[in-house]
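A.B. asks: To start, I am sharing the structure in question, which I have written as structure tokens.
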Amino acid sequence: MSPSSSDVPYGMLDLMVLKTLAVMGPLHGYGVARRIEQAFEGTLTLNQGTIYPALLRLEQRGWITSDWGTSENNRRARFYRISAAGRKQLAAEAGSWSRMADLMTRLLESES
Amino acid sequence: MTTVRVFFARLLAMLGLGRREEELGEEVQLHLDLLAEEYRRKGFSDEDAQRAARRQFGGVMLVRETYRNQLRFPQIDALVRDVRYAVRLLARDRTASLAAIALLTVGVSAAVLMADMVDRLLLRPPAGVSAPERVARAYDQADGTKLSAMVTNHATVERLATGTTREVESMAAYYTENVGLGRGSEARHASAVTHSRGYFDVLGLTPALGVLPSARGKQFPDTLVISHALWQQQFGGTTDILGRSVRIGKRVYTIVAVAPREFLGTDDEPVDVWLPIETRAADGTLSQNWRTSTGYFMLRVIARLRPGVERAAANSHASCGVQRRSIAAMGRRKAPSLPAHLWRSARGPRAGRFA
């Protein structure tokens with residue numbers, strides 16, 4: 001773990017998973033976790049097991065679907081893909097996140 | 001709409017439709033294998049690769065538990081478990097069951113007081129507690145007030161112990177607290193009992209696994225005992241649990257024993273972990289002067305009486321100890337900094353007794 005790395009903030013994992021599946025297409029749990037870690041280039045620590053409750057949560061909400069397929073090493077694997085409802089949710093959350101980040105940036109800059 | 005969808009998804013899982021819980025095992029195994037493969041490509045040995053994979057994945061048992069809670073309705077699962085446990089317990093010990101039912105149906109104030117006094121230690125003597133009829137809880141009573149479980153400071157506990165050496169075989173103090181178990185996204189709340197040396201000597205428990213701390217044995221400060229339920233739910237009941245590290249707040253403890261399955265603690269709330277009081281003082285959770293300060297009114301007292309001891313004699317000596325302390329406290333020119341209700345209750349005369 002890099003000294004500057006930090007844990008995934010609570011509530012952000014769902015958005016990360018949705019974005020990863022939207023960009024990368026269908027992936028199994030390992031693929032989602034790896035992709036998220038690669039995207040942050042070591043600046044974020046992810047307990048990869050936490051991906052699975054997040055994937056289930058998103059599936060229960062109808063934002064992703066899953067099917068069994070075959071992994072790169074010819075093993076049976078559950079592949080997750082984003083649904084149309086998931087894409088809408090991603091757009092809404094991404095917009096909300098950008099607005100919040102913008103507000104925080106403005107607040108912090110005004111304080112300095 | 002999303003809420004309704006989630007509700008029905010959980011309902012279907014509760015009804016046993018679908019095999020998601022079983023299939024999670026397959027997903028996790030594939031994940032661990034792919035991670036280990038990645039480490040092997042980096043030059044790790046087989047064993048190191050698997051260890052690194054498990055570390056990066058996090059606690060498998062915790063993932064399973066979180067997944068299960070997300071999959072179903074955890075509150076209903078807990079209720080079903082509690083009902084099953086109660087039925088098993090009542091069926092196993094018919095005498096205790098009849099006593100409990102009799103107490104509940106008398107319905108007079110005396111019976112209410114008795115039920116208060118007899119509490120879990122006698123009504124539901126958990127398997128593993130040896131000779132539960134000799135295990136007592138200290139109560140106190142100011143003049144004209146209701147008898148209540150003693151909550152006191154360490155100085156009083158010492159006085160009680162000194163005054164009752166002839167009647168009491170071992171005595172221990174404890175308090176309950178809620179602690180954070182684990183860290184980061186895997187952290188969860190746990191119900192803890194923080195206890196003095198001798199706590200397990202008083203109860204005479206036979207652990208499900210490991211060796212319980214004893215006042216007669218060597219003291220290991222950063223150790224803890226976990227409940228049978230926590231062992232099963234958090235650690236999957238694995239037998240190599242002893243020696244494993246668990247983070248409580250900012251400190252890491254080593255598991256030395258698993259409590260017997262039926263033992264849930266001596267109070268109403270089931271306990272997840274038992275911690276040594278010295279360590280809580282060392283890590284700053286408890287003030288360093290908890291032994292000497294008269295202000296730390298938080299300790300409950302349990303004791304194991306010697307065989308054949310008359311409770312009247314134990315009560316008489318216990319009362320003497322408590323009254324001496326109360327008189328000493330009244331003689332101070334400046335009142336100790338206690339919350340008002342505690343200070344009022346600390347003003348004597350009061351009588352300590354064992355029930």
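Ordering of the structure tokens sets the chain letters (A, B, ...), residue numbers begin anew at 1 in every chain, and ligands are numbered from 1 in the order given.
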Write out as a ChimeraX atom specification every residue belonging to chain A that has an atom at most 7 Å from any atom of chain B, counting only C-alpha atoms.
C.D. replies: /A:30,47-50,52-53,57,60-61,77-78
A.B. asks: Taking the DSSP assignment computed from this structure's backbone, write out as a ChimeraX atom specification all residues of region 56-87 of chain A that belong to alpha helix (DSSP H).
C.D. replies: /A:56-60,84-87
A.B. asks: How would the residues just chosen look if you wrote them out with N, CA and C atoms as a PDB file, in the first residue's frame?
C.D. replies:
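Final output, result.pdb:
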ATOM      1  N   LEU A  56     -24.098  -7.188  -5.668  1.00  0.00           N
ATOM      2  CA  LEU A  56     -25.434  -7.711  -5.346  1.00  0.00           C
ATOM      3  C   LEU A  56     -26.417  -6.560  -5.127  1.00  0.00           C
ATOM      4  N   ARG A  57     -25.949  -5.543  -4.385  1.00  0.00           N
ATOM      5  CA  ARG A  57     -26.810  -4.388  -4.095  1.00  0.00           C
ATOM      6  C   ARG A  57     -27.273  -3.727  -5.402  1.00  0.00           C
ATOM      7  N   LEU A  58     -26.340  -3.559  -6.331  1.00  0.00           N
ATOM      8  CA  LEU A  58     -26.678  -2.916  -7.603  1.00  0.00           C
ATOM      9  C   LEU A  58     -27.619  -3.786  -8.426  1.00  0.00           C
ATOM     10  N   GLU A  59     -27.422  -5.088  -8.331  1.00  0.00           N
ATOM     11  CA  GLU A  59     -28.283  -6.002  -9.090  1.00  0.00           C
ATOM     12  C   GLU A  59     -29.702  -6.000  -8.514  1.00  0.00           C
ATOM     13  N   GLN A  60     -29.791  -5.982  -7.181  1.00  0.00           N
ATOM     14  CA  GLN A  60     -31.114  -5.941  -6.561  1.00  0.00           C
ATOM     15  C   GLN A  60     -31.865  -4.665  -6.950  1.00  0.00           C
ATOM     16  N   ALA A  84     -29.928  -0.576 -18.677  1.00  0.00           N
ATOM     17  CA  ALA A  84     -30.334   0.771 -19.115  1.00  0.00           C
ATOM     18  C   ALA A  84     -30.624   1.634 -17.880  1.00  0.00           C
ATOM     19  N   ALA A  85     -31.291   1.023 -16.879  1.00  0.00           N
ATOM     20  CA  ALA A  85     -31.589   1.785 -15.648  1.00  0.00           C
ATOM     21  C   ALA A  85     -30.286   2.176 -14.950  1.00  0.00           C
ATOM     22  N   GLY A  86     -29.299   1.292 -15.038  1.00  0.00           N
ATOM     23  CA  GLY A  86     -28.001   1.568 -14.420  1.00  0.00           C
ATOM     24  C   GLY A  86     -27.305   2.735 -15.094  1.00  0.00           C
ATOM     25  N   ARG A  87     -27.431   2.817 -16.414  1.00  0.00           N
ATOM     26  CA  ARG A  87     -26.804   3.936 -17.149  1.00  0.00           C
ATOM     27  C   ARG A  87     -27.453   5.265 -16.754  1.00  0.00           C
TER      28      ARG A  87
END
A.B. asks: Measure the distance from CA of Gly180 (chain B) to CA of Leu230 (chain B) in Å and round it to one decimal.
C.D. replies: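 Computed distance, CA of Gly180 (chain B) to CA of Leu230 (chain B), equals 13.6 Å.
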A.B. asks: So how many Å separate CA of Ala173 (chain B) and CA of Arg280 (chain B), to one decimal?
C.D. replies: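 One can read the CA of Ala173 (chain B) to CA of Arg280 (chain B) distance as 13.8 Å.
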A.B. asks: Step one, run DSSP on the backbone; step two, keep only residues of region 168-336 of chain B assigned to strand (DSSP E or B); then write them as a PyMOL selection string.
C.D. replies: chain B and resi 168-181+188-195+209-210+223-226+245-248+251-258+273-276+299-305
A.B. asks: Next, dump the selected residues to file, keeping only C-alpha atoms, as an mmCIF file, in the first residue's frame.
C.D. replies:
data_model
loop_
_atom_site.group_PDB
_atom_site.id
_atom_site.type_symbol
_atom_site.label_atom_id
_atom_site.label_comp_id
_atom_site.auth_asym_id
_atom_site.auth_seq_id
_atom_site.Cartn_x
_atom_site.Cartn_y
_atom_site.Cartn_z
ATOM 1 C CA VAL B 168 -16.159 -15.510 48.453
ATOM 2 C CA GLU B 169 -13.920 -17.790 46.453
ATOM 3 C CA SER B 170 -13.337 -15.322 43.602
ATOM 4 C CA MET B 171 -14.704 -11.928 42.660
ATOM 5 C CA ALA B 172 -14.563 -9.905 39.484
ATOM 6 C CA ALA B 173 -15.732 -6.570 38.171
ATOM 7 C CA TYR B 174 -16.783 -5.696 34.671
ATOM 8 C CA TYR B 175 -18.549 -3.123 32.566
ATOM 9 C CA THR B 176 -20.211 -3.301 29.191
ATOM 10 C CA GLU B 177 -19.414 -1.129 26.191
ATOM 11 C CA ASN B 178 -19.940 -0.982 22.456
ATOM 12 C CA VAL B 179 -16.751 -1.234 20.453
ATOM 13 C CA GLY B 180 -15.728 -1.075 16.822
ATOM 14 C CA LEU B 181 -14.592 -4.449 15.523
ATOM 15 C CA ARG B 188 -18.852 -3.442 12.617
ATOM 16 C CA HIS B 189 -20.227 -2.709 16.043
ATOM 17 C CA ALA B 190 -19.704 -5.294 18.737
ATOM 18 C CA SER B 191 -20.987 -5.624 22.248
ATOM 19 C CA ALA B 192 -18.086 -6.007 24.680
ATOM 20 C CA VAL B 193 -17.597 -6.869 28.308
ATOM 21 C CA THR B 194 -14.452 -5.361 29.768
ATOM 22 C CA HIS B 195 -13.520 -7.360 32.830
ATOM 23 C CA LEU B 209 -11.994 -23.529 22.144
ATOM 24 C CA GLY B 210 -8.749 -22.284 23.710
ATOM 25 C CA THR B 223 -5.886 -10.824 24.323
ATOM 26 C CA LEU B 224 -9.580 -11.321 24.009
ATOM 27 C CA VAL B 225 -12.246 -13.992 24.143
ATOM 28 C CA ILE B 226 -14.913 -14.087 21.451
ATOM 29 C CA SER B 245 -5.574 -10.877 15.415
ATOM 30 C CA VAL B 246 -8.683 -8.756 15.779
ATOM 31 C CA ARG B 247 -8.744 -4.983 15.811
ATOM 32 C CA ILE B 248 -10.867 -3.353 18.505
ATOM 33 C CA ARG B 251 -5.689 -1.711 19.274
ATOM 34 C CA VAL B 252 -5.025 -5.187 17.948
ATOM 35 C CA TYR B 253 -5.953 -8.118 20.182
ATOM 36 C CA THR B 254 -5.145 -11.798 19.897
ATOM 37 C CA ILE B 255 -7.961 -14.322 20.217
ATOM 38 C CA VAL B 256 -7.186 -16.804 22.994
ATOM 39 C CA ALA B 257 -10.511 -18.541 23.479
ATOM 40 C CA VAL B 258 -14.061 -18.988 22.225
ATOM 41 C CA VAL B 273 -16.146 -10.073 22.891
ATOM 42 C CA TRP B 274 -14.584 -10.034 26.362
ATOM 43 C CA LEU B 275 -11.631 -7.685 26.894
ATOM 44 C CA PRO B 276 -9.190 -7.352 29.812
ATOM 45 C CA LEU B 299 -18.214 -1.554 37.540
ATOM 46 C CA ARG B 300 -20.641 -4.365 38.133
ATOM 47 C CA VAL B 301 -19.583 -7.110 40.490
ATOM 48 C CA ILE B 302 -19.980 -10.846 40.315
ATOM 49 C CA ALA B 303 -18.616 -13.391 42.725
ATOM 50 C CA ARG B 304 -18.331 -17.102 43.239
ATOM 51 C CA LEU B 305 -19.206 -18.057 46.806
#
A.B. asks: Please compute the CA of Arg34 (chain A)-CA of Leu18 (chain A) distance, one decimal, in Å.
C.D. replies: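 A separation of 14.1 Å between them.
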A.B. asks: Got a sec: who's within 12 Å of Met12 (chain A), counting only C-alpha atoms, leaving out chain neighbours fewer than 5 positions off, as a list of chain:residue names?
C.D. replies: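 Near neighbours after the sequence-gap exclusion: A:Asp7, A:Val17, A:Leu18, A:Lys19, A:Ile36, A:Leu44, A:Leu46, A:Thr50, A:Ile51, A:Ala54, A:Leu90, A:Glu93, A:Ala94, A:Trp97, B:Ser185.
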A.B. asks: Within 10 Å of Arg291 (chain B), counting only C-alpha atoms, which residues qualify if same-chain residues fewer than 3 places away don't, as a PyMOL selection string?
C.D. replies: chain B and resi 153-155+157-158+278+281+287-288+294-296
